[in-house]
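For reference, the structure is listed below as structure tokens.
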Amino acid sequence: MDWGTLAGAVSGGALAMAGTVLADRLRHRYEADRGTGERRRIVYLEFITAAEACHTRLRALAKDASAADREAAGRAALSEAGIYEARERLFLEATTGVAGAGQAMFERLRALQRAVAGGAGTDSAAFHDAHHPYIGAVWAYRVAVREELEGQPLAPADFGWGRWDGTDRCARCREAAAAGA
């Protein structure tokens with residue numbers, strides 16, 4: 001028996017097994033990473049969808065001057081939109097950057113809710129002063145999500161805007177700036 005042939009066969013077999021195990025491990029890691037990314041994408045979308053549903057309800061409430069118990073209606077807008085549940089899922093799945101942007105957006109949404117609960121109509125200064133920061137926080141969240149998931153930056157100039165919060169496109173803000181200038 002030729003020992004060289006046997007040693008070559010054994011070492012070749014060992015290399016083949018090691019290659020198979022490594023390939024399987026890399027495939028498993030890729031699939032796990034892909035699953036995590038897909039879960040995050042779903043959670044990120046659920047959160048912003050819930051926030052938008054709440055924002056829409058708050059705007060409708062702010063337009064309705066005859067609305068009774070605006071504070072209860074404002075609280076209901078948050079809970080019925082599912083923002084609290086979506087926020088908890090966000091905290092469990094999101095990276096630190098997206099979770100922070102989501103929390104900032106939630107806090108701005110709560111400030112808008114408090115303004116509406118306090119009687120602010122859509123034409124009021126209180127609504128206006130709470131609305132622009134909320135819109136800015138929404139865009140900051142979108143930018144954080146896009147950078148994480150796609151690695152591509154997004155800037156206001158991509159839309160022909162000067163700022164995310166919309167103050168550059170707001171007639172009220174432009175009037176205030178012209179009066180102050």
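Letters for chains follow the order of the structure tokens (A, B, ...), residue numbers begin at 1 for each chain, and ligand numbers begin at 1 in the order shown.
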Report the closest atom pair, with its distance in Å rounded to one decimal, for each residue of segment 50-101 of chain A that has an atom no farther than 10 Å from segment 125-140 of chain A; count only C-alpha atoms, sort by chain and then rising residue number, and write it as a tab-separated table.
residue	atom	partner	partner_atom	distance
A:Ala51	CA	A:Val138	CA	8.8
A:Glu52	CA	A:Val138	CA	9.2
A:His55	CA	A:Tyr134	CA	9.3
A:Arg59	CA	A:Phe127	CA	9.2
A:Ala62	CA	A:Phe127	CA	8.1
A:Val98	CA	A:Ala140	CA	9.2
A:Ala101	CA	A:Ala140	CA	6.4
Could you write out that same residue set with all heavy atoms as a PDB file, in the first residue's frame?
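For reference, result-v3.pdb as written:
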ATOM      1  N   ALA A  51     -47.539  56.037  12.789  1.00  0.00           N
ATOM      2  CA  ALA A  51     -47.353  57.464  13.068  1.00  0.00           C
ATOM      3  C   ALA A  51     -48.151  58.310  12.077  1.00  0.00           C
ATOM      4  O   ALA A  51     -48.779  59.302  12.471  1.00  0.00           O
ATOM      5  CB  ALA A  51     -45.870  57.827  13.006  1.00  0.00           C
ATOM      6  N   GLU A  52     -48.145  57.924  10.814  1.00  0.00           N
ATOM      7  CA  GLU A  52     -48.898  58.682   9.810  1.00  0.00           C
ATOM      8  C   GLU A  52     -50.400  58.581  10.048  1.00  0.00           C
ATOM      9  O   GLU A  52     -51.130  59.565   9.884  1.00  0.00           O
ATOM     10  CB  GLU A  52     -48.547  58.209   8.396  1.00  0.00           C
ATOM     11  CG  GLU A  52     -49.239  58.998   7.312  1.00  0.00           C
ATOM     12  CD  GLU A  52     -49.009  60.510   7.379  1.00  0.00           C
ATOM     13  OE1 GLU A  52     -47.930  60.942   7.824  1.00  0.00           O
ATOM     14  OE2 GLU A  52     -49.926  61.265   6.996  1.00  0.00           O
ATOM     15  N   HIS A  55     -51.056  60.947  12.856  1.00  0.00           N
ATOM     16  CA  HIS A  55     -50.920  62.324  12.366  1.00  0.00           C
ATOM     17  C   HIS A  55     -52.167  62.740  11.592  1.00  0.00           C
ATOM     18  O   HIS A  55     -52.688  63.856  11.778  1.00  0.00           O
ATOM     19  CB  HIS A  55     -49.666  62.420  11.493  1.00  0.00           C
ATOM     20  CG  HIS A  55     -49.469  63.749  10.870  1.00  0.00           C
ATOM     21  ND1 HIS A  55     -49.568  63.942   9.510  1.00  0.00           N
ATOM     22  CD2 HIS A  55     -49.189  64.963  11.400  1.00  0.00           C
ATOM     23  CE1 HIS A  55     -49.362  65.218   9.234  1.00  0.00           C
ATOM     24  NE2 HIS A  55     -49.123  65.855  10.368  1.00  0.00           N
ATOM     25  N   ARG A  59     -54.670  65.785  12.670  1.00  0.00           N
ATOM     26  CA  ARG A  59     -54.994  66.900  11.759  1.00  0.00           C
ATOM     27  C   ARG A  59     -56.509  67.043  11.601  1.00  0.00           C
ATOM     28  O   ARG A  59     -57.032  68.150  11.602  1.00  0.00           O
ATOM     29  CB  ARG A  59     -54.340  66.697  10.395  1.00  0.00           C
ATOM     30  CG  ARG A  59     -52.855  66.985  10.398  1.00  0.00           C
ATOM     31  CD  ARG A  59     -52.251  66.899   9.011  1.00  0.00           C
ATOM     32  NE  ARG A  59     -52.800  67.852   8.089  1.00  0.00           N
ATOM     33  CZ  ARG A  59     -52.393  69.113   7.946  1.00  0.00           C
ATOM     34  NH1 ARG A  59     -51.393  69.550   8.689  1.00  0.00           N
ATOM     35  NH2 ARG A  59     -52.943  69.911   7.074  1.00  0.00           N
ATOM     36  N   ALA A  62     -57.823  68.595  14.705  1.00  0.00           N
ATOM     37  CA  ALA A  62     -57.465  70.018  14.770  1.00  0.00           C
ATOM     38  C   ALA A  62     -58.342  70.851  13.831  1.00  0.00           C
ATOM     39  O   ALA A  62     -58.596  72.023  14.103  1.00  0.00           O
ATOM     40  CB  ALA A  62     -55.993  70.208  14.412  1.00  0.00           C
ATOM     41  N   VAL A  98     -31.749  54.029  14.294  1.00  0.00           N
ATOM     42  CA  VAL A  98     -33.152  54.081  13.871  1.00  0.00           C
ATOM     43  C   VAL A  98     -34.074  54.183  15.089  1.00  0.00           C
ATOM     44  O   VAL A  98     -35.056  54.928  15.066  1.00  0.00           O
ATOM     45  CB  VAL A  98     -33.509  52.871  12.983  1.00  0.00           C
ATOM     46  CG1 VAL A  98     -35.006  52.817  12.693  1.00  0.00           C
ATOM     47  CG2 VAL A  98     -32.725  52.930  11.687  1.00  0.00           C
ATOM     48  N   ALA A 101     -34.019  57.778  16.228  1.00  0.00           N
ATOM     49  CA  ALA A 101     -34.795  58.629  15.320  1.00  0.00           C
ATOM     50  C   ALA A 101     -36.285  58.369  15.487  1.00  0.00           C
ATOM     51  O   ALA A 101     -37.099  59.303  15.447  1.00  0.00           O
ATOM     52  CB  ALA A 101     -34.373  58.384  13.880  1.00  0.00           C
TER      53      ALA A 101
END
For this session: Find the residues near Leu90 of chain A: any atom within 12 Å, counting only C-alpha atoms, skip ones fewer than 6 places away on the same chain, and give them as a PyMOL selection string.
Result: chain A and resi 39-48+50+83-84+96-103+106+141+145
Just write the chosen residues, N, CA, C and O atoms, as a compact mmCIF listing (two decimals), in the first residue's frame.
# COMPACT_ATOMS: atom_id res chain seq x y z
N ARG A 39 -37.12 41.56 8.69
CA ARG A 39 -37.92 41.86 9.89
C ARG A 39 -37.83 43.34 10.23
O ARG A 39 -38.83 43.98 10.55
N ARG A 40 -36.62 43.89 10.16
CA ARG A 40 -36.45 45.31 10.47
C ARG A 40 -37.21 46.17 9.48
O ARG A 40 -37.88 47.13 9.85
N ARG A 41 -37.14 45.85 8.22
CA ARG A 41 -37.85 46.62 7.19
C ARG A 41 -39.35 46.65 7.50
O ARG A 41 -39.99 47.70 7.43
N ILE A 42 -39.91 45.52 7.89
CA ILE A 42 -41.34 45.44 8.22
C ILE A 42 -41.65 46.29 9.44
O ILE A 42 -42.62 47.05 9.45
N VAL A 43 -40.83 46.18 10.48
CA VAL A 43 -41.06 46.94 11.71
C VAL A 43 -40.93 48.45 11.45
O VAL A 43 -41.74 49.23 11.94
N TYR A 44 -39.94 48.84 10.66
CA TYR A 44 -39.74 50.26 10.35
C TYR A 44 -40.95 50.81 9.60
O TYR A 44 -41.40 51.93 9.87
N LEU A 45 -41.47 50.04 8.67
CA LEU A 45 -42.63 50.46 7.91
C LEU A 45 -43.88 50.51 8.80
O LEU A 45 -44.68 51.45 8.70
N GLU A 46 -44.06 49.54 9.67
CA GLU A 46 -45.20 49.54 10.59
C GLU A 46 -45.19 50.79 11.48
O GLU A 46 -46.22 51.39 11.72
N PHE A 47 -44.01 51.16 11.95
CA PHE A 47 -43.91 52.31 12.84
C PHE A 47 -44.30 53.60 12.13
O PHE A 47 -45.10 54.38 12.63
N ILE A 48 -43.74 53.83 10.95
CA ILE A 48 -44.04 55.08 10.27
C ILE A 48 -45.48 55.10 9.77
O ILE A 48 -46.12 56.16 9.73
N ALA A 50 -48.05 53.68 11.38
CA ALA A 50 -48.85 54.00 12.56
C ALA A 50 -48.74 55.49 12.91
O ALA A 50 -49.73 56.13 13.25
N ILE A 83 -49.65 53.17 17.55
CA ILE A 83 -48.29 53.70 17.63
C ILE A 83 -47.51 53.13 18.81
O ILE A 83 -46.30 52.90 18.72
N TYR A 84 -48.18 52.86 19.92
CA TYR A 84 -47.46 52.34 21.08
C TYR A 84 -46.91 50.93 20.81
O TYR A 84 -45.76 50.64 21.14
N THR A 96 -29.62 51.09 16.97
CA THR A 96 -29.66 52.24 17.87
C THR A 96 -30.01 53.53 17.13
O THR A 96 -30.82 54.33 17.61
N GLY A 97 -29.43 53.74 15.95
CA GLY A 97 -29.70 54.96 15.19
C GLY A 97 -31.15 55.10 14.78
O GLY A 97 -31.75 56.18 14.92
N VAL A 98 -31.75 54.03 14.29
CA VAL A 98 -33.15 54.08 13.87
C VAL A 98 -34.07 54.18 15.09
O VAL A 98 -35.06 54.93 15.07
N ALA A 99 -33.75 53.46 16.15
CA ALA A 99 -34.58 53.54 17.36
C ALA A 99 -34.56 54.96 17.93
O ALA A 99 -35.60 55.48 18.35
N GLY A 100 -33.40 55.60 17.93
CA GLY A 100 -33.31 56.99 18.42
C GLY A 100 -34.11 57.94 17.55
O GLY A 100 -34.82 58.82 18.07
N ALA A 101 -34.02 57.78 16.23
CA ALA A 101 -34.79 58.63 15.32
C ALA A 101 -36.29 58.37 15.49
O ALA A 101 -37.10 59.30 15.45
N GLY A 102 -36.65 57.12 15.71
CA GLY A 102 -38.06 56.78 15.94
C GLY A 102 -38.58 57.37 17.24
O GLY A 102 -39.71 57.88 17.28
N GLN A 103 -37.77 57.33 18.28
CA GLN A 103 -38.19 57.91 19.56
C GLN A 103 -38.34 59.43 19.43
O GLN A 103 -39.29 60.01 19.96
N PHE A 106 -41.57 60.05 17.71
CA PHE A 106 -42.68 59.80 18.62
C PHE A 106 -42.87 60.98 19.58
O PHE A 106 -43.99 61.41 19.82
N TYR A 141 -36.20 60.28 10.58
CA TYR A 141 -36.43 58.84 10.72
C TYR A 141 -36.26 58.15 9.36
O TYR A 141 -35.58 57.14 9.25
N VAL A 145 -33.52 55.24 8.41
CA VAL A 145 -33.92 53.93 7.90
C VAL A 145 -33.28 53.67 6.54
O VAL A 145 -32.72 52.60 6.29
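We find atom CA of Gly162 of chain A and atom CA of Ala94 of chain A to be spaced 28.7 Å apart.
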For this session: Would you mind reading off the distance between atom CA of Leu58 of chain A and atom CA of Arg108 of chain A, one decimal, in Å?
Result: 12.6 Å
Seminar exercise, completed: Residue with the minimum atom-to-atom distance to Arg172 of chain A, picked from A:Asp158, A:Asp123, A:Glu38, A:Asp69 with only C-alpha atoms counted, is A:Asp123
For this session: Can you work out the spacing between atom CA of Ala76 of chain A and atom CA of Gln113 of chain A in Å, to one decimal?
Result: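 Between atom CA of Ala76 of chain A and atom CA of Gln113 of chain A the gap works out to 10.1 Å.
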For this session: Quick one: pick out all alpha helix (DSSP H) residues within segment 42-137 of chain A from a backbone DSSP run and write them as a PyMOL selection string.
Result: chain A and resi 42-63+70-81+83-93+96-117+125-137
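Each of A:Arg87, A:Arg70, A:Arg142, A:Arg57 was compared to Ala155 of chain A using only C-alpha atoms, and A:Arg142 turns out to be the nearest.
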Seminar exercise, completed: In terms of only C-alpha atoms, the residue from A:Asp168, A:Ala53, A:Ala104, A:Pro153 at minimal distance from Glu80 of chain A is A:Ala53
